[in-house]
Amino acid sequence: MSATIAVTRLTKTFGTVTAVQDVTFTAPPGTVTAFLGPNGAGKTTTLRMILGLVTPTSGTATIAETPYTRLPHPVRTAGAVLEATAFHPGLTAEDHLHVHRTAAGLPAGRVAHVLDQTGLTEAAHRRISGYSLGMRQRLAIATALLGDPAALILDEPTNGLDPDGIHWLRGFLRACAHDGRTVLVSSHALAETQRYADHALFIARGRLVHQTPVTPKTDLEKLYLEATK
Ligand SMILES: Nc1ncnc2c1ncn2[C@@H]1O[C@H](COP(=O)(O)OP(=O)(O)OP(=O)(O)O)[C@@H](O)[C@H]1O
């Protein structure tokens with residue numbers, strides 16, 4: 001299954017604050033799309049609208065041509081990691097994943113598979129309370145992968161990762177795209193984004209101000225500074 005993420009004229013106001021204004025873009029399968037912009041630009045709000053967690057004031061957001069809240073199989077269609085995920089510290093990673101995969105009605109074998117995909121197999125029987133930030137980030141990604149989703153949405157996944165973790169994440173995102181998944185990632189880490197993204201969207205003050213294919217020659221920082229000033 002493939003799942004294009006399509007955002008059309010999306011707008012969200014919170015009282016007098018316009019967080020997102022008339023944003024339109026498409027994130028196609030088989031690619032990593034980076035979502036870049038200053039603090040408060042509207043990235044998280046847009047991702048939350050795509051995932052049905054925030055109701056748009058106007059416009060639409062669909063995954064596989066369907067709003068998230070109306071997807072027949074949401075966990076198989078889209079997996080997401082938004083901001084700091086809370087885990088029960090007394091559980092092991094394996095326990096945590098079994099709780100989630102049972103709730104989602106997924107086969108037991110998925111747990112070992114996502115542990116392997118995120119490099120957590122050896123740590124699977126340790127309590128999450130002893131996990132580093134990077135291991136927690138991997139576990140959040142493992143949870144998002146339980147349904148083998150066609151689309152993956154990650155909000156600032158490099159935050160708190162050490163160089164090993166960043167190296168792993170880069171390879172992981174590329175592998176996801178290679179497998180045909182649609183990957184949408186918000187980030188502030190421009191040099192790193194340059195190394196894994198196929199396409200970059202720039203958002204500033206709630207508006208999509210620029211977009212570009214990303215190649216080794218793209219000067220993402222220069223484009224970012226020009227587009228968001
Ligand atoms: N629930 C809310 N109520 C009121 N205002 C909100 C709410 N959520 C977001 N905002 C405001 O909307 C704007 C966009 O915020 P958002 O979190 O989407 O930005 P962001 O690009 O993700 O920022 P950051 O890079 O800091 O995570 C900000 O002005 C923020 O204060």
# chains A, B, ... in the order shown; residues from 1 in each chain; ligands from 1

call {"tool": "residues_near_ligand", "arguments": {"ligand": "ligand 1", "cutoff": "7 Å", "atoms": "only C-alpha atoms and all ligand atoms", "output": "VMD selection string"}}
result
chain A and resid 14 17 to 20 37 to 46 206

call {"tool": "write_last_selection", "arguments": {"atoms": "N, CA and C atoms", "output": "PDB file, in the first residue's frame"}}
result
ATOM      1  N   PHE A  14      -5.968  29.754  16.519  1.00  0.00           N
ATOM      2  CA  PHE A  14      -6.249  29.561  17.939  1.00  0.00           C
ATOM      3  C   PHE A  14      -6.583  30.946  18.483  1.00  0.00           C
ATOM      4  N   VAL A  17      -4.503  33.940  17.278  1.00  0.00           N
ATOM      5  CA  VAL A  17      -3.243  33.464  16.668  1.00  0.00           C
ATOM      6  C   VAL A  17      -3.552  32.602  15.445  1.00  0.00           C
ATOM      7  N   THR A  18      -2.977  32.989  14.298  1.00  0.00           N
ATOM      8  CA  THR A  18      -3.091  32.132  13.115  1.00  0.00           C
ATOM      9  C   THR A  18      -1.839  31.269  13.073  1.00  0.00           C
ATOM     10  N   ALA A  19      -1.987  29.996  13.462  1.00  0.00           N
ATOM     11  CA  ALA A  19      -0.831  29.093  13.548  1.00  0.00           C
ATOM     12  C   ALA A  19      -0.432  28.574  12.175  1.00  0.00           C
ATOM     13  N   VAL A  20      -1.422  28.308  11.336  1.00  0.00           N
ATOM     14  CA  VAL A  20      -1.185  27.760   9.991  1.00  0.00           C
ATOM     15  C   VAL A  20      -2.148  28.476   9.042  1.00  0.00           C
ATOM     16  N   GLY A  37      11.269  25.090   9.552  1.00  0.00           N
ATOM     17  CA  GLY A  37      10.793  26.431   9.854  1.00  0.00           C
ATOM     18  C   GLY A  37      11.158  26.818  11.273  1.00  0.00           C
ATOM     19  N   PRO A  38      11.163  28.130  11.562  1.00  0.00           N
ATOM     20  CA  PRO A  38      11.540  28.596  12.897  1.00  0.00           C
ATOM     21  C   PRO A  38      10.582  28.104  13.985  1.00  0.00           C
ATOM     22  N   ASN A  39      10.960  28.278  15.240  1.00  0.00           N
ATOM     23  CA  ASN A  39      10.074  27.967  16.366  1.00  0.00           C
ATOM     24  C   ASN A  39       8.754  28.719  16.177  1.00  0.00           C
ATOM     25  N   GLY A  40       7.668  28.020  16.401  1.00  0.00           N
ATOM     26  CA  GLY A  40       6.358  28.668  16.327  1.00  0.00           C
ATOM     27  C   GLY A  40       5.844  28.887  14.915  1.00  0.00           C
ATOM     28  N   ALA A  41       6.522  28.305  13.899  1.00  0.00           N
ATOM     29  CA  ALA A  41       6.131  28.543  12.506  1.00  0.00           C
ATOM     30  C   ALA A  41       4.845  27.821  12.120  1.00  0.00           C
ATOM     31  N   GLY A  42       4.499  26.775  12.855  1.00  0.00           N
ATOM     32  CA  GLY A  42       3.273  26.041  12.540  1.00  0.00           C
ATOM     33  C   GLY A  42       3.494  24.589  12.132  1.00  0.00           C
ATOM     34  N   LYS A  43       4.717  24.085  12.313  1.00  0.00           N
ATOM     35  CA  LYS A  43       5.026  22.712  11.881  1.00  0.00           C
ATOM     36  C   LYS A  43       4.220  21.682  12.678  1.00  0.00           C
ATOM     37  N   THR A  44       4.333  21.753  14.004  1.00  0.00           N
ATOM     38  CA  THR A  44       3.655  20.755  14.836  1.00  0.00           C
ATOM     39  C   THR A  44       2.138  20.823  14.629  1.00  0.00           C
ATOM     40  N   THR A  45       1.606  22.023  14.537  1.00  0.00           N
ATOM     41  CA  THR A  45       0.154  22.168  14.336  1.00  0.00           C
ATOM     42  C   THR A  45      -0.263  21.505  13.028  1.00  0.00           C
ATOM     43  N   THR A  46       0.547  21.679  11.974  1.00  0.00           N
ATOM     44  CA  THR A  46       0.231  21.044  10.688  1.00  0.00           C
ATOM     45  C   THR A  46       0.272  19.522  10.828  1.00  0.00           C
ATOM     46  N   GLY A 206       3.354  30.495   9.788  1.00  0.00           N
ATOM     47  CA  GLY A 206       2.146  29.768   9.394  1.00  0.00           C
ATOM     48  C   GLY A 206       1.984  29.537   7.902  1.00  0.00           C
TER      49      GLY A 206
END

call {"tool": "residues_around", "arguments": {"residues": "region 68-78 of chain A", "least_positions_apart": "2", "cutoff": "9 Å", "atoms": "only C-alpha atoms", "output": "NGL selection string"}}
result
:A and (1-3 or 49-53 or 61-64 or 66 or 80 or 104 or 144-153 or 182)

call {"tool": "residues_around", "arguments": {"residues": "Arg170 (chain A)", "least_positions_apart": "5", "cutoff": "9 Å", "atoms": "only C-alpha atoms", "output": "PyMOL selection string"}}
result
chain A and resi 165+175+192-193+195-196

call {"tool": "residues_around", "arguments": {"residues": "Gly119 (chain A)", "least_positions_apart": "3", "cutoff": "12 Å", "atoms": "only C-alpha atoms", "output": "number ranges by chain"}}
result
A: 93, 112-116, 122-124, 134-139, 141-142, 164-165, 168-169, 171-172

call {"tool": "select_by_dssp", "arguments": {"residues": "region 44-156 of chain A", "states": "helix (DSSP H, G or I)", "output": "ChimeraX atom specification"}}
result
/A:44-50,68-70,74-77,93-103,109-117,128-130,133-145

call {"tool": "atom_distance", "arguments": {"atom1": "CA of Glu94 (chain A)", "atom2": "CA of Ser129 (chain A)"}}
result
13.2 Å

call {"tool": "closest_residue", "arguments": {"among": "A:Thr92, A:Thr31, A:Thr4, A:Thr24", "to": "Pro67 (chain A)", "atoms": "only C-alpha atoms"}}
result
A:Thr4

call {"tool": "closest_residue", "arguments": {"among": "A:Leu36, A:Leu91, A:Ala140, A:Leu208", "to": "Leu225 (chain A)", "atoms": "only C-alpha atoms"}}
result
A:Leu36

call {"tool": "residues_around", "arguments": {"residues": "Val214 (chain A)", "least_positions_apart": "4", "cutoff": "8 Å", "atoms": "only C-alpha atoms", "output": "VMD selection string"}}
result
chain A and resid 194 197 to 200 218 220

call {"tool": "closest_residue", "arguments": {"among": "A:Glu65, A:Glu156, A:Asp219, A:Asp162", "to": "Ala189 (chain A)", "atoms": "only C-alpha atoms"}}
result
A:Glu156

call {"tool": "closest_residue", "arguments": {"among": "A:Leu10, A:Leu106, A:Leu97, A:Cys176", "to": "Pro29 (chain A)", "atoms": "only C-alpha atoms"}}
result
A:Cys176

call {"tool": "residues_around", "arguments": {"residues": "Gly90 (chain A)", "least_positions_apart": "3", "cutoff": "10 Å", "atoms": "only C-alpha atoms", "output": "compact mmCIF listing (two decimals) with C-alpha atoms, in the first residue's frame"}}
result
# COMPACT_ATOMS: atom_id res chain seq x y z
CA PHE A 87 6.25 5.60 28.52
CA ALA A 93 10.34 -2.16 25.71
CA ASP A 95 6.05 -5.17 27.31
CA HIS A 96 5.31 -1.67 26.04
CA ARG A 126 15.29 -3.91 30.11
CA ARG A 127 12.98 -1.50 31.92
CA ILE A 128 12.33 1.73 30.04
CA SER A 129 13.29 3.70 33.20
CA GLY A 130 16.93 2.85 32.39

call {"tool": "closest_residue", "arguments": {"among": "A:Ala103, A:Leu154, A:Ala86, A:Ala191", "to": "Lys217 (chain A)", "atoms": "only C-alpha atoms"}}
result
A:Ala191

call {"tool": "atom_distance", "arguments": {"atom1": "CA of Arg207 (chain A)", "atom2": "CA of Gly79 (chain A)"}}
result
25.0 Å

call {"tool": "atom_distance", "arguments": {"atom1": "CA of Gly105 (chain A)", "atom2": "CA of Pro56 (chain A)"}}
result
29.3 Å

call {"tool": "decode", "arguments": {"residues": "region 18-128 of chain A", "atoms": "C-alpha atoms", "output": "mmCIF file, in the first residue's frame"}}
result
data_model
loop_
_atom_site.group_PDB
_atom_site.id
_atom_site.type_symbol
_atom_site.label_atom_id
_atom_site.label_comp_id
_atom_site.auth_asym_id
_atom_site.auth_seq_id
_atom_site.Cartn_x
_atom_site.Cartn_y
_atom_site.Cartn_z
ATOM 1 C CA THR A 18 -3.091 32.132 13.115
ATOM 2 C CA ALA A 19 -0.831 29.093 13.548
ATOM 3 C CA VAL A 20 -1.185 27.760 9.991
ATOM 4 C CA GLN A 21 -2.428 29.749 7.014
ATOM 5 C CA ASP A 22 -3.459 28.411 3.620
ATOM 6 C CA VAL A 23 -0.780 25.680 3.481
ATOM 7 C CA THR A 24 -0.800 23.325 0.495
ATOM 8 C CA PHE A 25 1.721 20.550 -0.214
ATOM 9 C CA THR A 26 2.044 16.898 -1.124
ATOM 10 C CA ALA A 27 4.418 14.342 0.390
ATOM 11 C CA PRO A 28 4.652 11.423 -2.057
ATOM 12 C CA PRO A 29 5.443 7.742 -1.309
ATOM 13 C CA GLY A 30 9.052 6.588 -1.597
ATOM 14 C CA THR A 31 10.498 9.914 -0.480
ATOM 15 C CA VAL A 32 11.542 11.751 2.660
ATOM 16 C CA THR A 33 9.941 15.193 2.859
ATOM 17 C CA ALA A 34 11.453 17.596 5.398
ATOM 18 C CA PHE A 35 9.308 20.207 7.070
ATOM 19 C CA LEU A 36 11.494 23.135 8.139
ATOM 20 C CA GLY A 37 10.793 26.431 9.854
ATOM 21 C CA PRO A 38 11.540 28.596 12.897
ATOM 22 C CA ASN A 39 10.074 27.967 16.366
ATOM 23 C CA GLY A 40 6.358 28.668 16.327
ATOM 24 C CA ALA A 41 6.131 28.543 12.506
ATOM 25 C CA GLY A 42 3.273 26.041 12.540
ATOM 26 C CA LYS A 43 5.026 22.712 11.881
ATOM 27 C CA THR A 44 3.655 20.755 14.836
ATOM 28 C CA THR A 45 0.154 22.168 14.336
ATOM 29 C CA THR A 46 0.231 21.044 10.688
ATOM 30 C CA LEU A 47 1.429 17.548 11.629
ATOM 31 C CA ARG A 48 -1.260 17.336 14.317
ATOM 32 C CA MET A 49 -3.928 18.290 11.783
ATOM 33 C CA ILE A 50 -2.672 15.581 9.396
ATOM 34 C CA LEU A 51 -3.057 13.090 12.261
ATOM 35 C CA GLY A 52 -6.545 14.257 13.224
ATOM 36 C CA LEU A 53 -5.381 15.581 16.620
ATOM 37 C CA VAL A 54 -6.230 19.199 15.805
ATOM 38 C CA THR A 55 -9.323 20.143 13.780
ATOM 39 C CA PRO A 56 -8.517 22.526 10.911
ATOM 40 C CA THR A 57 -10.286 25.873 10.826
ATOM 41 C CA SER A 58 -10.447 25.345 7.067
ATOM 42 C CA GLY A 59 -8.811 23.241 4.387
ATOM 43 C CA THR A 60 -8.096 19.518 4.334
ATOM 44 C CA ALA A 61 -5.349 17.037 5.203
ATOM 45 C CA THR A 62 -5.491 13.481 3.883
ATOM 46 C CA ILE A 63 -3.379 10.336 3.974
ATOM 47 C CA ALA A 64 -4.101 7.879 1.151
ATOM 48 C CA GLU A 65 -6.847 10.282 0.050
ATOM 49 C CA THR A 66 -8.681 9.970 3.381
ATOM 50 C CA PRO A 67 -8.723 12.191 6.481
ATOM 51 C CA TYR A 68 -6.867 10.347 9.269
ATOM 52 C CA THR A 69 -9.958 10.096 11.476
ATOM 53 C CA ARG A 70 -11.821 8.255 8.701
ATOM 54 C CA LEU A 71 -9.051 5.787 7.776
ATOM 55 C CA PRO A 72 -10.309 2.186 7.922
ATOM 56 C CA HIS A 73 -6.915 0.957 9.229
ATOM 57 C CA PRO A 74 -5.153 3.979 10.790
ATOM 58 C CA VAL A 75 -2.215 2.105 12.381
ATOM 59 C CA ARG A 76 -1.478 0.359 9.088
ATOM 60 C CA THR A 77 -1.699 3.596 7.154
ATOM 61 C CA ALA A 78 0.223 6.109 9.267
ATOM 62 C CA GLY A 79 2.626 5.902 12.201
ATOM 63 C CA ALA A 80 3.698 9.010 14.064
ATOM 64 C CA VAL A 81 6.068 10.252 16.746
ATOM 65 C CA LEU A 82 5.152 13.676 18.072
ATOM 66 C CA GLU A 83 7.286 15.469 20.685
ATOM 67 C CA ALA A 84 8.342 13.686 23.872
ATOM 68 C CA THR A 85 6.436 10.436 24.173
ATOM 69 C CA ALA A 86 5.533 9.240 27.672
ATOM 70 C CA PHE A 87 6.253 5.605 28.522
ATOM 71 C CA HIS A 88 5.433 3.631 31.642
ATOM 72 C CA PRO A 89 8.931 3.482 33.179
ATOM 73 C CA GLY A 90 8.389 0.125 34.878
ATOM 74 C CA LEU A 91 7.695 -1.704 31.625
ATOM 75 C CA THR A 92 10.294 -3.222 29.366
ATOM 76 C CA ALA A 93 10.336 -2.157 25.708
ATOM 77 C CA GLU A 94 8.919 -5.539 24.790
ATOM 78 C CA ASP A 95 6.046 -5.169 27.306
ATOM 79 C CA HIS A 96 5.312 -1.672 26.036
ATOM 80 C CA LEU A 97 5.183 -2.817 22.425
ATOM 81 C CA HIS A 98 2.989 -5.820 23.263
ATOM 82 C CA VAL A 99 0.487 -3.529 25.016
ATOM 83 C CA HIS A 100 0.272 -1.343 21.927
ATOM 84 C CA ARG A 101 0.184 -4.110 19.369
ATOM 85 C CA THR A 102 -2.567 -5.934 21.322
ATOM 86 C CA ALA A 103 -4.632 -2.737 21.536
ATOM 87 C CA ALA A 104 -4.237 -2.299 17.781
ATOM 88 C CA GLY A 105 -5.149 -5.935 17.035
ATOM 89 C CA LEU A 106 -1.823 -6.662 15.332
ATOM 90 C CA PRO A 107 -0.017 -10.041 15.158
ATOM 91 C CA ALA A 108 2.433 -10.887 18.011
ATOM 92 C CA GLY A 109 5.323 -11.232 15.558
ATOM 93 C CA ARG A 110 5.280 -7.498 14.882
ATOM 94 C CA VAL A 111 6.979 -6.795 18.234
ATOM 95 C CA ALA A 112 10.193 -8.692 17.426
ATOM 96 C CA HIS A 113 10.154 -7.166 13.963
ATOM 97 C CA VAL A 114 9.989 -3.516 15.093
ATOM 98 C CA LEU A 115 12.548 -4.161 17.868
ATOM 99 C CA ASP A 116 14.896 -5.403 15.172
ATOM 100 C CA GLN A 117 14.080 -2.495 12.821
ATOM 101 C CA THR A 118 14.975 0.033 15.528
ATOM 102 C CA GLY A 119 18.026 -1.780 16.902
ATOM 103 C CA LEU A 120 16.407 -2.447 20.287
ATOM 104 C CA THR A 121 16.406 -6.260 20.294
ATOM 105 C CA GLU A 122 19.224 -6.563 22.846
ATOM 106 C CA ALA A 123 17.628 -3.994 25.172
ATOM 107 C CA ALA A 124 14.087 -5.353 24.783
ATOM 108 C CA HIS A 125 13.972 -6.935 28.243
ATOM 109 C CA ARG A 126 15.292 -3.909 30.112
ATOM 110 C CA ARG A 127 12.976 -1.498 31.924
ATOM 111 C CA ILE A 128 12.333 1.726 30.043
#
